[in-house]
Structures are given as C-alpha cells and as structure tokens.
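*Asks:* So here's query.txt, just compact mmCIF, C-alpha atoms:
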# COMPACT_ATOMS: atom_id res chain seq x y z
CA MET V 1 -104.88 40.36 94.57
CA ALA V 2 -107.43 41.91 92.18
CA LYS V 3 -110.16 39.95 93.96
CA LEU V 4 -109.02 41.34 97.31
CA ASN V 5 -109.45 44.84 95.95
CA ARG V 6 -113.05 44.33 94.83
CA PRO V 7 -115.67 46.52 96.54
CA VAL V 8 -117.80 44.76 99.13
CA PRO V 9 -121.07 46.76 99.19
CA PHE V 10 -122.39 45.05 102.32
CA LEU V 11 -119.29 45.96 104.35
CA GLN V 12 -119.16 49.45 102.84
CA ALA V 13 -122.78 50.06 103.83
CA LEU V 14 -121.99 49.10 107.44
CA LEU V 15 -118.81 51.23 107.55
CA LEU V 16 -116.76 48.07 108.03
CA CYS V 17 -114.72 48.45 104.87
CA GLN V 18 -111.46 50.02 105.95
CA GLN V 19 -109.89 52.74 103.82
CA TRP V 20 -107.06 53.79 106.08
CA THR V 21 -104.66 54.76 103.34
CA LEU V 22 -106.82 57.87 103.03
CA PHE V 23 -105.19 59.21 106.20
CA SER V 24 -101.74 58.89 104.78
CA GLU V 25 -102.39 60.90 101.65
CA MET V 26 -101.40 64.51 102.02
CA SER V 27 -104.57 66.51 101.59
CA PRO V 28 -104.56 70.01 100.13
CA PHE V 29 -105.39 71.52 103.52
CA ASN V 30 -104.91 75.19 102.75
CA PHE V 31 -107.90 75.74 100.56
CA LYS V 32 -111.42 77.10 100.71
CA LEU V 33 -114.22 76.17 98.36
CA GLN V 34 -116.28 79.15 97.25
CA TYR V 35 -119.60 79.22 95.49
CA GLU V 36 -120.86 82.02 93.32
CA ILE V 37 -123.83 82.65 91.02
CA GLU V 38 -124.45 85.10 88.25
CA LEU V 39 -128.04 86.29 88.08
CA ILE V 40 -129.87 86.96 84.82
CA ASP V 41 -129.43 90.72 85.36
CA GLY V 42 -125.65 90.20 85.35
CA GLN V 43 -125.20 90.63 89.12
CA VAL V 44 -122.60 88.26 90.68
CA VAL V 45 -123.58 86.97 94.12
CA PRO V 46 -121.20 85.03 96.38
CA LEU V 47 -123.18 82.41 98.30
CA ARG V 48 -122.97 82.30 102.09
CA ASP V 49 -123.63 79.40 104.43
CA VAL V 50 -126.13 81.05 106.75
CA ASP V 51 -126.08 78.12 109.22
CA ARG V 52 -122.36 78.51 109.76
CA GLU V 53 -122.55 82.28 109.95
CA SER V 54 -125.33 82.16 112.53
CA ALA V 55 -123.08 80.15 114.86
CA GLY V 56 -120.84 83.24 115.24
CA LYS V 57 -117.84 82.69 117.49
CA TRP V 58 -119.05 79.15 118.24
CA GLU V 59 -118.57 78.07 114.65
CA PRO V 60 -115.26 76.19 115.21
CA ALA V 61 -116.95 74.10 117.92
CA PHE V 62 -120.44 73.65 116.48
CA PHE V 63 -119.21 73.03 112.95
CA TYR V 64 -116.14 71.09 114.08
CA ASN V 65 -116.41 68.74 111.10
CA GLU V 66 -116.41 71.47 108.47
CA PRO V 67 -112.74 71.20 107.37
CA LYS V 68 -113.29 67.48 106.72
CA THR V 69 -116.57 68.19 104.93
CA GLU V 70 -114.63 70.57 102.66
CA LEU V 71 -112.20 67.74 101.90
CA ASN V 72 -115.10 65.37 101.18
CA LEU V 73 -116.69 67.97 98.91
CA TYR V 74 -113.38 68.57 97.14
CA ALA V 75 -113.29 64.86 96.27
CA ASP V 76 -116.89 64.71 94.99
CA PRO V 77 -117.94 67.10 92.18
CA ALA V 78 -121.58 65.93 92.29
CA ALA V 79 -121.75 66.75 96.01
CA GLN V 80 -120.26 70.21 95.29
CA ARG V 81 -123.19 70.91 92.95
CA ARG V 82 -125.71 69.65 95.49
CA TYR V 83 -124.16 71.87 98.18
CA LEU V 84 -124.31 74.85 95.84
CA GLU V 85 -128.04 74.23 95.32
CA TYR V 86 -128.45 74.02 99.10
CA LEU V 87 -126.74 77.41 99.44
CA VAL V 88 -128.98 78.85 96.71
CA ARG V 89 -132.08 77.72 98.64
CA THR V 90 -130.86 78.96 102.02
CA ASN V 91 -129.77 82.31 100.53
CA GLY V 92 -133.36 82.84 99.37
CA ILE V 93 -132.59 82.81 95.65
CA TYR V 94 -134.90 81.24 93.08
CA ALA V 95 -133.28 78.87 90.60
CA SER V 96 -135.02 80.71 87.74
CA TRP V 97 -133.04 83.90 88.56
CA ILE V 98 -129.70 82.21 87.97
CA GLN V 99 -127.79 82.39 84.72
CA ARG V 100 -124.50 80.75 85.75
CA ARG V 101 -123.17 78.87 88.74
CA THR V 102 -119.44 78.72 89.54
CA ILE V 103 -117.56 76.66 92.10
CA PHE V 104 -113.97 77.66 92.68
CA MET V 105 -111.19 76.90 95.07
CA ARG V 106 -108.91 79.46 96.68
CA TYR V 107 -105.61 77.75 97.49
CA GLN V 108 -103.05 79.32 99.76
CA ASN V 109 -99.57 78.39 98.53
CA VAL V 110 -97.04 77.29 101.15
CA LEU V 111 -93.40 78.13 100.46
CA THR V 112 -90.69 75.54 100.94
CA ARG V 113 -88.22 76.02 103.79
CA GLU V 114 -85.60 77.38 101.36
CA GLN V 115 -88.04 79.80 99.65
CA SER V 116 -89.32 80.88 103.02
CA ALA V 117 -85.80 81.71 104.26
CA THR V 118 -85.21 83.86 101.17
CA GLU V 119 -88.53 85.68 101.14
CA GLY V 120 -88.99 86.00 104.91
CA ARG V 121 -92.54 84.60 104.92
CA HIS V 122 -94.16 81.19 104.87
CA TYR V 123 -97.09 81.73 102.55
CA GLY V 124 -97.11 82.64 98.88
CA SER V 125 -99.93 84.27 96.97
CA ASP V 126 -103.34 82.64 96.70
CA THR V 127 -104.21 80.70 93.57
CA ILE V 128 -107.79 80.41 92.35
CA PHE V 129 -108.93 77.32 90.46
CA VAL V 130 -112.35 77.12 88.84
CA LEU V 131 -113.59 73.63 89.63
CA ASP V 132 -116.97 73.77 87.94
CA THR V 133 -119.06 76.27 86.05
CA TYR V 134 -122.43 75.56 84.51
CA MET T 1 -94.33 7.82 111.18
CA ALA T 2 -91.67 9.67 109.18
CA PRO T 3 -89.83 12.36 111.20
CA THR T 4 -90.90 15.21 108.87
CA ARG T 5 -94.53 14.13 109.02
CA PHE T 6 -94.32 13.84 112.80
CA LEU T 7 -92.84 17.33 113.04
CA PHE T 8 -95.53 18.73 110.73
CA SER T 9 -98.23 17.10 112.86
CA ILE T 10 -96.80 18.60 116.07
CA LEU T 11 -96.50 22.01 114.45
CA THR T 12 -100.09 21.93 113.16
CA LYS T 13 -101.47 20.85 116.52
CA THR T 14 -99.49 23.53 118.37
CA THR T 15 -100.58 26.24 115.93
CA LEU T 16 -104.23 25.24 116.17
CA ARG T 17 -104.03 25.17 119.97
CA GLN T 18 -102.46 28.64 120.01
CA LEU T 19 -105.06 29.97 117.58
CA ASP T 20 -107.85 28.48 119.68
CA LYS T 21 -106.40 30.15 122.77
CA PHE T 22 -105.94 33.43 120.89
CA PHE T 23 -109.54 33.68 119.67
CA PHE T 24 -111.47 31.67 122.26
CA GLY T 25 -109.41 32.02 125.41
CA PRO T 26 -110.75 33.97 128.42
CA ASP T 27 -111.33 37.67 127.70
CA LYS T 28 -109.86 40.18 130.19
CA THR T 29 -110.33 43.24 127.96
CA MET T 30 -111.34 46.52 129.62
CA TRP T 31 -114.57 46.72 127.66
CA ASP T 32 -115.95 49.30 130.09
CA LEU T 33 -113.46 51.90 128.83
CA VAL T 34 -114.12 51.06 125.17
CA ARG T 35 -117.87 51.27 125.73
CA ILE T 36 -117.87 54.51 127.74
CA GLY T 37 -115.33 56.22 125.44
CA SER T 38 -117.22 55.30 122.27
CA GLY T 39 -120.59 56.22 123.79
CA LEU T 40 -119.34 59.63 124.91
CA THR T 41 -117.78 60.30 121.50
CA ILE T 42 -121.14 59.71 119.82
CA LEU T 43 -123.10 61.67 122.43
CA LEU T 44 -120.83 64.72 122.30
CA SER T 45 -120.74 64.85 118.50
CA LEU T 46 -124.52 64.38 118.33
CA GLY T 47 -124.94 67.14 120.90
CA LEU T 48 -122.93 69.58 118.77
CA LEU T 49 -124.72 68.56 115.58
CA GLY T 50 -128.13 69.00 117.21
CA VAL T 51 -127.48 72.32 118.99
CA SER T 52 -125.90 73.96 115.92
CA GLY T 53 -128.54 72.94 113.39
CA ASN T 54 -125.80 71.08 111.54
CA TYR T 55 -127.77 67.84 111.96
CA GLU T 56 -130.58 69.23 109.81
CA ARG T 57 -128.02 70.67 107.36
CA TYR T 58 -126.36 67.27 106.83
CA TYR T 59 -129.26 64.87 107.21
CA GLY T 60 -132.48 66.89 106.81
CA HIS T 61 -134.96 66.30 104.01
CA TYR T 62 -134.09 69.79 102.70
CA GLY T 63 -130.43 69.74 103.70
CA MET T 64 -127.22 69.41 101.68
CA LEU T 65 -128.43 66.13 100.23
CA PRO T 66 -132.20 66.53 99.74
CA ARG T 67 -134.40 63.47 100.25
CA PRO T 68 -135.39 62.98 96.56
CA GLU T 69 -131.73 62.98 95.48
CA ALA T 70 -130.56 60.92 98.45
CA ILE T 71 -132.74 57.99 97.46
CA ASP T 72 -130.52 57.42 94.43
CA VAL T 73 -127.11 57.76 96.08
CA VAL T 74 -127.16 56.42 99.65
CA HIS T 75 -126.35 52.94 100.96
CA TRP T 76 -129.24 50.91 102.43
CA PRO T 77 -128.85 51.76 106.16
CA ALA T 78 -129.63 55.40 105.31
CA PHE T 79 -133.13 54.46 104.14
CA LEU T 80 -134.14 54.72 107.77
CA PHE T 81 -133.90 58.49 107.28
CA LEU T 82 -135.77 58.49 104.00
CA MET T 83 -138.69 56.20 104.82
CA LYS T 84 -140.97 59.05 105.95
CA SER T 85 -141.56 62.31 104.13
CA ASP T 86 -142.24 64.20 107.37
CA PRO T 87 -139.21 66.52 107.91
CA GLU T 88 -139.52 65.98 111.69
CA TRP T 89 -138.79 62.26 111.21
CA ILE T 90 -135.03 62.84 111.35
CA TRP T 91 -135.37 64.28 114.87
CA ARG T 92 -137.03 61.06 116.07
CA ILE T 93 -134.00 59.20 114.74
CA TYR T 94 -131.77 61.76 116.47
CA TRP T 95 -133.39 61.21 119.87
CA ALA T 96 -133.41 57.44 119.37
CA THR T 97 -129.66 57.60 118.68
CA VAL T 98 -129.10 59.76 121.76
CA ALA T 99 -131.11 57.30 123.91
CA ALA T 100 -129.24 54.29 122.49
CA ALA T 101 -125.84 55.96 123.00
CA LEU T 102 -126.80 56.94 126.57
CA CYS T 103 -127.78 53.34 127.37
CA LEU T 104 -124.51 52.14 125.83
CA THR T 105 -122.44 54.66 127.82
CA PHE T 106 -124.07 53.69 131.12
CA GLY T 107 -124.18 50.00 130.24
CA LEU T 108 -127.94 49.64 130.46
CA TRP T 109 -129.21 46.72 128.34
CA THR T 110 -125.70 46.88 126.91
CA ARG T 111 -125.93 44.44 124.01
CA VAL T 112 -129.24 45.79 122.68
CA ALA T 113 -127.91 49.33 123.14
CA ALA T 114 -124.75 48.44 121.17
CA ILE T 115 -126.79 46.98 118.31
CA ALA T 116 -129.11 50.02 118.21
CA THR T 117 -126.24 52.53 118.46
CA PHE T 118 -124.27 50.77 115.74
CA PHE T 119 -127.16 50.69 113.30
CA LEU T 120 -128.39 54.22 114.00
CA TYR T 121 -124.87 55.66 113.82
CA VAL T 122 -124.13 53.87 110.53
CA ALA T 123 -127.49 55.03 109.12
CA THR T 124 -126.68 58.61 110.13
CA ILE T 125 -123.27 58.67 108.47
CA GLN T 126 -124.56 56.91 105.35
CA ARG T 127 -127.41 59.46 105.04
CA ASN T 128 -124.81 61.98 103.90
CA LEU T 129 -121.24 60.82 103.36
CA MET T 130 -120.10 64.45 103.33
CA SER T 131 -120.23 64.16 107.13
CA TYR T 132 -117.83 61.18 107.10
CA ASN T 133 -114.76 61.76 109.21
CA GLY T 134 -112.09 59.44 110.62
CA GLU T 135 -114.10 58.68 113.75
CA ALA T 136 -116.87 57.15 111.64
CA GLY T 137 -114.47 54.47 110.44
CA VAL T 138 -113.14 53.77 113.94
CA LEU T 139 -116.58 53.79 115.59
CA GLY T 140 -117.88 51.46 112.87
CA PHE T 141 -115.67 48.56 113.93
CA THR T 142 -115.61 49.50 117.64
CA LEU T 143 -119.42 49.43 117.91
CA ALA T 144 -119.50 46.20 115.89
CA ALA T 145 -117.07 44.67 118.43
CA LEU T 146 -119.14 45.97 121.35
CA ILE T 147 -122.18 44.09 120.00
CA PHE T 148 -120.32 40.82 120.57
CA ALA T 149 -118.34 41.79 123.68
CA PRO T 150 -119.07 39.92 126.92
CA THR T 151 -121.86 41.53 128.94
CA PRO T 152 -122.74 42.63 131.54
CA GLN T 153 -119.56 44.53 132.22
CA ARG T 154 -118.17 45.55 135.61
CA PHE T 155 -118.96 49.27 135.48
CA SER T 156 -122.42 49.07 133.96
CA LEU T 157 -125.95 49.61 135.21
CA ASP T 158 -126.70 46.07 134.05
CA HIS T 159 -124.33 44.81 136.75
CA LEU T 160 -124.53 47.54 139.40
CA LEU T 161 -128.26 48.33 139.27
CA LEU T 162 -129.98 45.37 137.63
CA LYS T 163 -127.66 43.01 139.58
CA LYS T 164 -126.90 40.83 136.57
CA PRO T 165 -123.88 38.64 137.39
CA LEU T 166 -120.64 39.05 135.44
CA PRO T 167 -120.19 36.31 132.84
CA GLU T 168 -118.19 33.35 134.18
CA VAL T 169 -116.99 32.15 130.79
CA THR T 170 -115.80 34.67 128.23
CA GLU T 171 -114.18 34.38 124.79
CA SER T 172 -111.67 36.77 123.23
CA TRP T 173 -112.82 36.82 119.62
CA ALA T 174 -114.73 40.11 119.86
CA ALA T 175 -111.65 41.75 121.41
CA ARG T 176 -109.45 40.19 118.72
CA PHE T 177 -111.73 41.63 116.02
CA LEU T 178 -111.29 45.09 117.52
CA GLN T 179 -107.55 44.67 118.07
CA LEU T 180 -106.86 43.31 114.59
CA ASN T 181 -108.81 46.19 113.05
CA ILE T 182 -106.67 48.69 114.97
CA CYS T 183 -103.50 46.90 113.87
CA LEU T 184 -104.69 47.00 110.26
CA MET T 185 -105.45 50.69 110.62
CA TYR T 186 -101.91 51.54 111.77
CA PHE T 187 -100.29 49.10 109.36
CA PHE T 188 -102.02 50.46 106.27
CA THR T 189 -101.61 54.05 107.39
CA THR T 190 -97.85 53.51 107.71
CA ALA T 191 -97.64 51.61 104.42
CA GLY T 192 -99.53 54.44 102.73
CA LYS T 193 -97.29 57.09 104.24
CA LEU T 194 -94.13 55.25 103.20
CA THR T 195 -95.29 54.94 99.61
CA ALA T 196 -96.72 58.47 99.44
CA GLN T 197 -95.16 61.83 100.27
CA TRP T 198 -94.01 61.02 103.81
CA ASP T 199 -90.30 60.90 103.05
CA ILE T 200 -88.46 58.90 105.70
CA GLY T 201 -85.25 60.87 105.33
CA ARG T 202 -85.68 64.57 106.09
CA GLY T 203 -89.28 64.61 107.27
CA GLU T 204 -90.02 67.90 105.56
CA ILE T 205 -93.69 66.91 105.24
CA TRP T 206 -94.05 67.99 108.87
CA TYR T 207 -92.84 71.47 107.85
CA ASN T 208 -95.82 71.72 105.46
CA ILE T 209 -98.23 70.29 108.03
CA THR T 210 -97.31 72.97 110.57
CA LEU T 211 -98.28 75.58 107.99
CA CYS T 212 -101.64 74.04 107.11
CA ASP T 213 -104.85 75.64 108.33
CA TRP T 214 -105.67 72.61 110.50
CA PHE T 215 -102.62 73.28 112.70
CA ARG T 216 -103.31 75.31 115.84
CA PHE T 217 -99.84 76.83 116.30
CA PRO T 218 -98.59 78.10 112.91
CA ASP T 219 -96.48 80.78 114.67
CA ALA T 220 -94.47 78.29 116.76
CA GLU T 221 -91.29 78.17 114.66
CA TRP T 222 -89.59 75.66 116.96
CA LEU T 223 -92.20 73.07 115.97
CA ARG T 224 -90.88 73.08 112.41
CA THR T 225 -87.10 73.10 112.98
CA ARG T 226 -85.24 70.49 110.96
CA TRP T 227 -84.55 68.18 113.90
CA MET T 228 -88.17 68.41 115.05
CA CYS T 229 -89.43 67.48 111.56
CA TRP T 230 -87.04 64.52 111.46
CA LEU T 231 -88.02 63.37 114.96
CA ILE T 232 -91.78 63.70 114.54
CA VAL T 233 -92.05 62.09 111.09
CA ASN T 234 -89.67 59.20 111.73
CA GLY T 235 -90.76 58.71 115.34
CA SER T 236 -94.45 58.53 114.50
CA LEU T 237 -93.78 56.25 111.52
CA LEU T 238 -91.68 53.94 113.68
CA LEU T 239 -94.30 53.79 116.42
CA GLU T 240 -97.26 53.34 114.08
CA GLY T 241 -95.41 50.88 111.86
CA SER T 242 -94.18 48.68 114.66
CA PHE T 243 -97.45 48.78 116.61
CA ALA T 244 -99.17 46.04 114.60
CA ILE T 245 -96.32 43.62 115.47
CA LEU T 246 -95.01 44.73 118.86
CA VAL T 247 -98.42 45.09 120.50
CA TRP T 248 -98.59 41.28 120.67
CA THR T 249 -95.39 41.14 122.71
CA ARG T 250 -94.71 42.08 126.34
CA LEU T 251 -94.37 45.71 125.21
CA ARG T 252 -98.17 45.88 124.73
CA LEU T 253 -99.01 48.18 127.63
CA LEU T 254 -96.16 50.64 126.99
CA LEU T 255 -96.96 50.74 123.28
CA VAL T 256 -100.69 51.28 123.80
CA LEU T 257 -100.03 54.10 126.28
CA ALA T 258 -97.54 55.65 123.83
CA MET T 259 -100.09 55.54 121.01
CA MET T 260 -102.72 57.09 123.28
CA SER T 261 -100.25 59.87 124.11
CA ILE T 262 -99.66 60.51 120.40
CA HIS T 263 -103.41 60.87 119.87
CA VAL T 264 -103.63 63.32 122.79
CA VAL T 265 -100.80 65.36 121.26
CA ILE T 266 -102.66 65.39 117.92
CA ILE T 267 -105.77 66.70 119.72
CA VAL T 268 -103.69 69.52 121.21
CA LEU T 269 -101.82 70.41 118.00
CA PHE T 270 -104.59 70.18 115.44
CA GLY T 271 -108.01 71.75 114.91
CA ASN T 272 -111.37 70.53 116.12
CA ALA T 273 -111.93 68.45 112.97
CA LEU T 274 -109.52 65.84 114.36
CA PHE T 275 -110.83 65.85 117.95
CA PHE T 276 -113.44 63.12 117.66
CA PHE T 277 -111.26 60.87 115.52
CA ASN T 278 -108.56 60.88 118.16
CA VAL T 279 -110.98 60.40 121.07
CA ALA T 280 -112.63 57.48 119.22
CA THR T 281 -109.20 55.95 118.53
CA ILE T 282 -108.14 56.29 122.17
CA ALA T 283 -111.40 54.55 123.17
CA ALA T 284 -110.71 51.79 120.63
CA LEU T 285 -107.10 51.44 121.90
CA CYS T 286 -108.55 50.68 125.34
CA GLY T 287 -109.48 47.37 123.72
CA PHE T 288 -105.82 46.39 124.19
CA LEU T 289 -105.92 47.08 127.94
CA LYS T 290 -106.59 44.24 130.33
CA THR T 291 -108.33 44.40 133.68
CA ILE T 292 -105.10 43.24 135.35
CA ASP T 293 -102.97 46.04 133.82
CA PHE T 294 -103.62 48.70 136.43
CA LYS T 295 -103.34 46.81 139.67
CA TRP T 296 -101.09 48.73 142.06
CA PRO T 297 -97.52 47.41 141.61
CA LYS T 298 -96.02 45.81 144.71
CA LYS T 299 -92.56 46.97 143.74
CA LEU T 300 -91.02 49.27 141.12
CA GLY T 301 -89.71 46.35 139.06
CA ASP T 302 -93.30 45.24 138.34
CA LEU T 303 -93.77 48.31 136.15
CA MET T 304 -91.20 47.10 133.65
CA PRO T 305 -92.16 44.64 130.91
CA LYS T 306 -91.06 41.12 131.75
Just dump the structure as structure tokens.
*Replies:*
Amino acid sequence: MAKLNRPVPFLQALLLCQQWTLFSEMSPFNFKLQYEIELIDGQVVPLRDVDRESAGKWEPAFFYNEPKTELNLYADPAAQRRYLEYLVRTNGIYASWIQRRTIFMRYQNVLTREQSATEGRHYGSDTIFVLDTY
Amino acid sequence: MAPTRFLFSILTKTTLRQLDKFFFGPDKTMWDLVRIGSGLTILLSLGLLGVSGNYERYYGHYGMLPRPEAIDVVHWPAFLFLMKSDPEWIWRIYWATVAAALCLTFGLWTRVAAIATFFLYVATIQRNLMSYNGEAGVLGFTLAALIFAPTPQRFSLDHLLLKKPLPEVTESWAARFLQLNICLMYFFTTAGKLTAQWDIGRGEIWYNITLCDWFRFPDAEWLRTRWMCWLIVNGSLLLEGSFAILVWTRLRLLLVLAMMSIHVVIIVLFGNALFFFNVATIAALCGFLKTIDFKWPKKLGDLMPK
C-alpha cells in the first residue's frame, strides 16, 4: 500500500496523477488573503492587485479562477510570499523601501443552524489570522 | 482433467475473453462530443485569460511566479515557457495553444491537434500551479484519451472536408481509459467525503456550503432547510458513489444523464470558479455515451433500460 502511495513525478508532470480526494475536503471558503507592507518611514500600505481592479465589473468573469487561486495560495506559503512580491512590483514600490511584510487571512465565521436561530443571523464576526510576517 | 481444474480453466478463458472484448472490442463512443466539449473549454478559458491580462499575471516572465524563480520549482513541461528570455515568448505559446485547441474542436488533423493541445495545456498549467483548478485534472486525462481515440471522427473537418474515411476497425481501450478515470474520480471523491466531514446522517455540511462565498444564492433559505440538506448530501453521495459500479450496467445512459444534470445544477448554484470544471466533466462524461444512444425510439418502451 505504501508503494501505491509513492509520488510518480512523470505522471504528476503530465497532470495524470489523480488527487480527487482534494474535492471532498471542506475548504475554508469564506476567507480572503490580504497582503500588507510597512515602509521604513512607518507607513502601512495594503497591497492591491491592480490587474483585478482594472477589470472592474468584469472581474468575476475575467478572473473566474481567483477563488481557486486563493485556495491554492492558502495551501502554499512560499507561493504567498511570491505573490506578495508580485503585488509589491505592480504597486510600484521598491523592495528597499520595505521594512516588514505581512500576509494575513480574514475569515468570516459561519454560525451553526442552532446559533443562527438564536442570534437571527448566519454570519459571526470576522477573525483575522496572521499567516506570515517577515 | 480434475473438475476443479476444468472449472478454473473455463473461468480463466471466459474472463480473458471478456477482458479482451472490454478493452479491444469495437468502439462506439461519441468522441465528437468529448472532443468538441474539451476543445471549447480550453478555448473559452484561454480567451478569458488572454483578454483580462490574467495570462501574463499567471504565466508571464514577470508575473506571480517570475521566470528566475520558476526554473527551480516547475515540472519539466513548463520549461517550454522558460526556454526564452523574451517576455513576448509566452504569447507565441498562447496563440499556438489557441490554434491547437481550435483544430481539436473542429477535428482538423485531430490526432496531431490532440497531442499539441495536451502538451501545451499541461505546460501552461505546470508553469504556475496556482492556476490549477479541477478542470486541469479532468482535461489532463480527457486530452490524453483523445490522443489515442479513433480518428477521423464523424463530425470533424478531417472527415467532412478532407474526406478521410471513418475507421473501419476501432478498439475501445482509449474510451476505457477515459471511463475508468471518471469512475476513479467519483469513487475517490465519495470515499473522501465519507471519511471526511460529509456526515451521511443529517447532511448539515450543505447548510455551511450554502453560506460560503462560492454559493450564488446565500439568501435562498429554502435551499438550506433540513430536508433539503439531507436530500442533497445523501442523494449526491449515493449517485456519485454508485456511479463507478452502476455505469457498467444497463443503467449507464440514465446514470450518465443524471450526473450531467448534477454538474449543470452545480454550474447554476456556484460561482464562476466551478464553471470550467463542470463543463470539462460533462465533456468527459460524454465518453460514456454511444453513437447508438440517441436514435429516435420506435416506441416508448425503448426508452426504458432493458
């Protein structure tokens, strides 16, 4: 059984290695990853994705894959850092200006059916988790 | 010969004959639908990526995964993107992929088009795995099957324009590869759900799903009533779980149409992120349809499974 579970790089490279159990795991859907930098003068700047913003009302169609990309980023801390650097470049900020980078996640809590009936709403307060700071 | 040995010999011969028929018997699969559906899925997603600038954002030399860093982390098919330092190089790959997918969709030089589309699509996804979505997994094995599918196909330019005759002898193994992959997909998805948080009893997981930000109708309370949760969770688990077995019986057509309907419902209920996965899966499910399935029934009784 252990042999069956070994990675097969050739099949992985050709996208022929199935990983369907991924679909059955409940993903933390209600979250947004946010990226922020602190400049050397102490100013805190939230980073924006200018490509997505420039799409305007067409963003849900043009960037249809973005919710899944967020899930992929959530699962890969190295990719989160690379994406932050991409945002730094596209926001026109020089790396030498930056004192601290922070990646955090804003999670919208969903109440259970019983809690929801008591409180009269479905969503609880947001929780913020710092995923990475360096 | 001893009776047990004789019985074993008969059993072995029968099994081998059945296996031979299963993998190498004549192929009546509706490959046209698989080909056109998969081709359109790739073309439409490429169109959106190209128009929005998202293609450059994912796969560009200065995108989310810059070229110098990509060299150390990508799988080998992605080196197609990295082999030239010219930032415009990725757009040549883009147009080559569009051309290959167009040829595949219209069935022009079908086999070569399938090989080119498969490799270019795999290279694209591997260039930045942050762009990986469910459809990439489905299209991976569907395009691989299309490479080996019988050609030319009925509704293809190869046949209609270039007048290439339809193959007289066909074998089913390419279709079986596609079909077995789909069965594995549903089987493992169900097994995963049963062992994870998809409780079979109350189905409250559906309650949470209707409140997630991927769901289009969070205000529709009736979609999360207790009976609806129970019905949707247990119904979908039953259908997905039994598919891998029952699709080989006379219920095949009904089951395939039911699964296609489920994927259409998912497209309607959930956000755009799931659109291409479901379209790609519907195209792959066409691999279970046979050319004889949609002949006009002579009488109503012919519609029922025999």
*Asks:* Would you list which chain V residues are within 9 Å of chain T using all atoms listed in the file, as an NGL selection string?
*Replies:* :V and (9-10 or 12-26 or 28-31 or 51-52 or 54-55 or 58-73 or 76 or 79 or 82-87 or 110-113 or 122-123)
*Asks:* What is the distance, in Å and to one decimal place, between atom CA of Arg176 of chain T and atom CA of Leu108 of chain T?
*Replies:*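 Atom CA of Arg176 of chain T sits 23.9 Å away from atom CA of Leu108 of chain T.
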*Asks:* Adding 3 Å on each side of the box along x, y and z that holds all listed atoms of segment 248-252 of chain T, could you give its centre and edge lengths in Å to one decimal, as JSON?
*Replies:*
{"center_x": -96.5, "center_y": 43.5, "center_z": 123.5, "size_x": 10.2, "size_y": 10.7, "size_z": 11.7}
*Asks:* Need to verify the contact set: Ala100 of chain T, 7 Å, all atoms listed in the file, exclusion of same-chain residues closer than 6 positions in sequence. Can you return it as a PyMOL selection string?
*Replies:* chain T and resi 113+116-117
*Asks:* If we count all atoms listed in the file and set the cut-off at 10 Å, which residues sit around Ile292 of chain T, ignoring sequence neighbours fewer than 2 positions away in its own chain? Please answer as a PyMOL selection string.
*Replies:* chain T and resi 28-30+289-290+294-296
*Asks:* Of the residues T:Phe177, T:Phe155, T:Tyr58, T:Phe106, which is the one nearest to Ala284 of chain T, using all atoms listed in the file?
*Replies:*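 Closest to Ala284 of chain T of all the choices is T:Phe177.
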*Asks:* Which of these, T:Phe288, T:Thr110, T:Tyr59, T:Ala70, has the shortest distance to Trp91 of chain T once you count only C-alpha atoms?
*Replies:*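 Counting only C-alpha atoms, the residue closest to Trp91 of chain T is T:Tyr59.
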*Asks:* Kindly indicate which residue among V:Val44, V:Glu38, V:Val8, V:Arg81 lies nearest to Ser96 of chain V, using only C-alpha atoms for the distances.
*Replies:*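 Using only C-alpha atoms, the shortest distance to Ser96 of chain V belongs to V:Glu38.
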*Asks:* Report, in Å with one decimal, the straight-line distance from atom CA of Lys164 of chain T to atom CA of Arg111 of chain T.
*Replies:*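 These atoms are spaced 13.1 Å apart.
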*Asks:* May I ask which of the residues T:Leu104, T:His61, T:Ile262, T:Trp222 is the closest one to Ser85 of chain T, counting all atoms listed in the file?
*Replies:*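 Of all the options, T:His61 lies closest to Ser85 of chain T.
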*Asks:* Give me, please, the distance in Å between atom CA of Phe81 of chain T and atom CA of Leu46 of chain T, quoted to one decimal.
*Replies:* 15.6 Å
*Asks:* Using all atoms listed in the file, which residues sit within 12 Å of Pro46 of chain V once same-chain residues fewer than 6 positions away are excluded, as a list of chain:residue names?
*Replies:* V:Leu33, V:Gln34, V:Tyr35, V:Glu36, V:Ile37, V:Glu38, V:Leu39, V:Leu84, V:Leu87, V:Val88, V:Asn91, V:Ile93, V:Arg100, V:Arg101, V:Thr102, V:Ile103, V:Phe104
*Asks:* Once you have the residues from the selection above, write them out as a PDB file, keeping the file's coordinate frame, restricted to C-alpha atoms.
*Replies:*
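The result, written out as result.pdb:
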ATOM      1  CA  LEU V  33    -114.220  76.170  98.360  1.00  0.00           C
ATOM      2  CA  GLN V  34    -116.280  79.150  97.250  1.00  0.00           C
ATOM      3  CA  TYR V  35    -119.600  79.220  95.490  1.00  0.00           C
ATOM      4  CA  GLU V  36    -120.860  82.020  93.320  1.00  0.00           C
ATOM      5  CA  ILE V  37    -123.830  82.650  91.020  1.00  0.00           C
ATOM      6  CA  GLU V  38    -124.450  85.100  88.250  1.00  0.00           C
ATOM      7  CA  LEU V  39    -128.040  86.290  88.080  1.00  0.00           C
ATOM      8  CA  LEU V  84    -124.310  74.850  95.840  1.00  0.00           C
ATOM      9  CA  LEU V  87    -126.740  77.410  99.440  1.00  0.00           C
ATOM     10  CA  VAL V  88    -128.980  78.850  96.710  1.00  0.00           C
ATOM     11  CA  ASN V  91    -129.770  82.310 100.530  1.00  0.00           C
ATOM     12  CA  ILE V  93    -132.590  82.810  95.650  1.00  0.00           C
ATOM     13  CA  ARG V 100    -124.500  80.750  85.750  1.00  0.00           C
ATOM     14  CA  ARG V 101    -123.170  78.870  88.740  1.00  0.00           C
ATOM     15  CA  THR V 102    -119.440  78.720  89.540  1.00  0.00           C
ATOM     16  CA  ILE V 103    -117.560  76.660  92.100  1.00  0.00           C
ATOM     17  CA  PHE V 104    -113.970  77.660  92.680  1.00  0.00           C
TER      18      PHE V 104
END
*Asks:* Do you know which residues are at most 8 Å from segment 11-25 of chain T counting all atoms listed in the file, after dropping those on the same chain fewer than 4 positions away, and could you put them as a PyMOL selection string?
*Replies:* chain T and resi 7+170-173+176
*Asks:* So that I can see what lies close to Thr127 of chain V, please list as a PyMOL selection string the residues with an atom at most 7 Å from it, counting all atoms listed in the file and leaving out residues fewer than 5 positions away in the same chain.
*Replies:* chain V and resi 106-108
*Asks:* Kindly export the residues of the current selection with C-alpha atoms, as a short mmCIF file (atom, residue, chain, number, x, y, z; two decimals), in the frame of the given file.
*Replies:*
data_model
loop_
_atom_site.label_atom_id
_atom_site.label_comp_id
_atom_site.auth_asym_id
_atom_site.auth_seq_id
_atom_site.Cartn_x
_atom_site.Cartn_y
_atom_site.Cartn_z
CA ARG V 106 -108.91 79.46 96.68
CA TYR V 107 -105.61 77.75 97.49
CA GLN V 108 -103.05 79.32 99.76
#
*Asks:* Find the residue from V:Asp49, V:Ile40, V:Leu131, V:Gly120 that sits nearest to Ala95 of chain V; use all atoms listed in the file when measuring.
*Replies:* V:Ile40
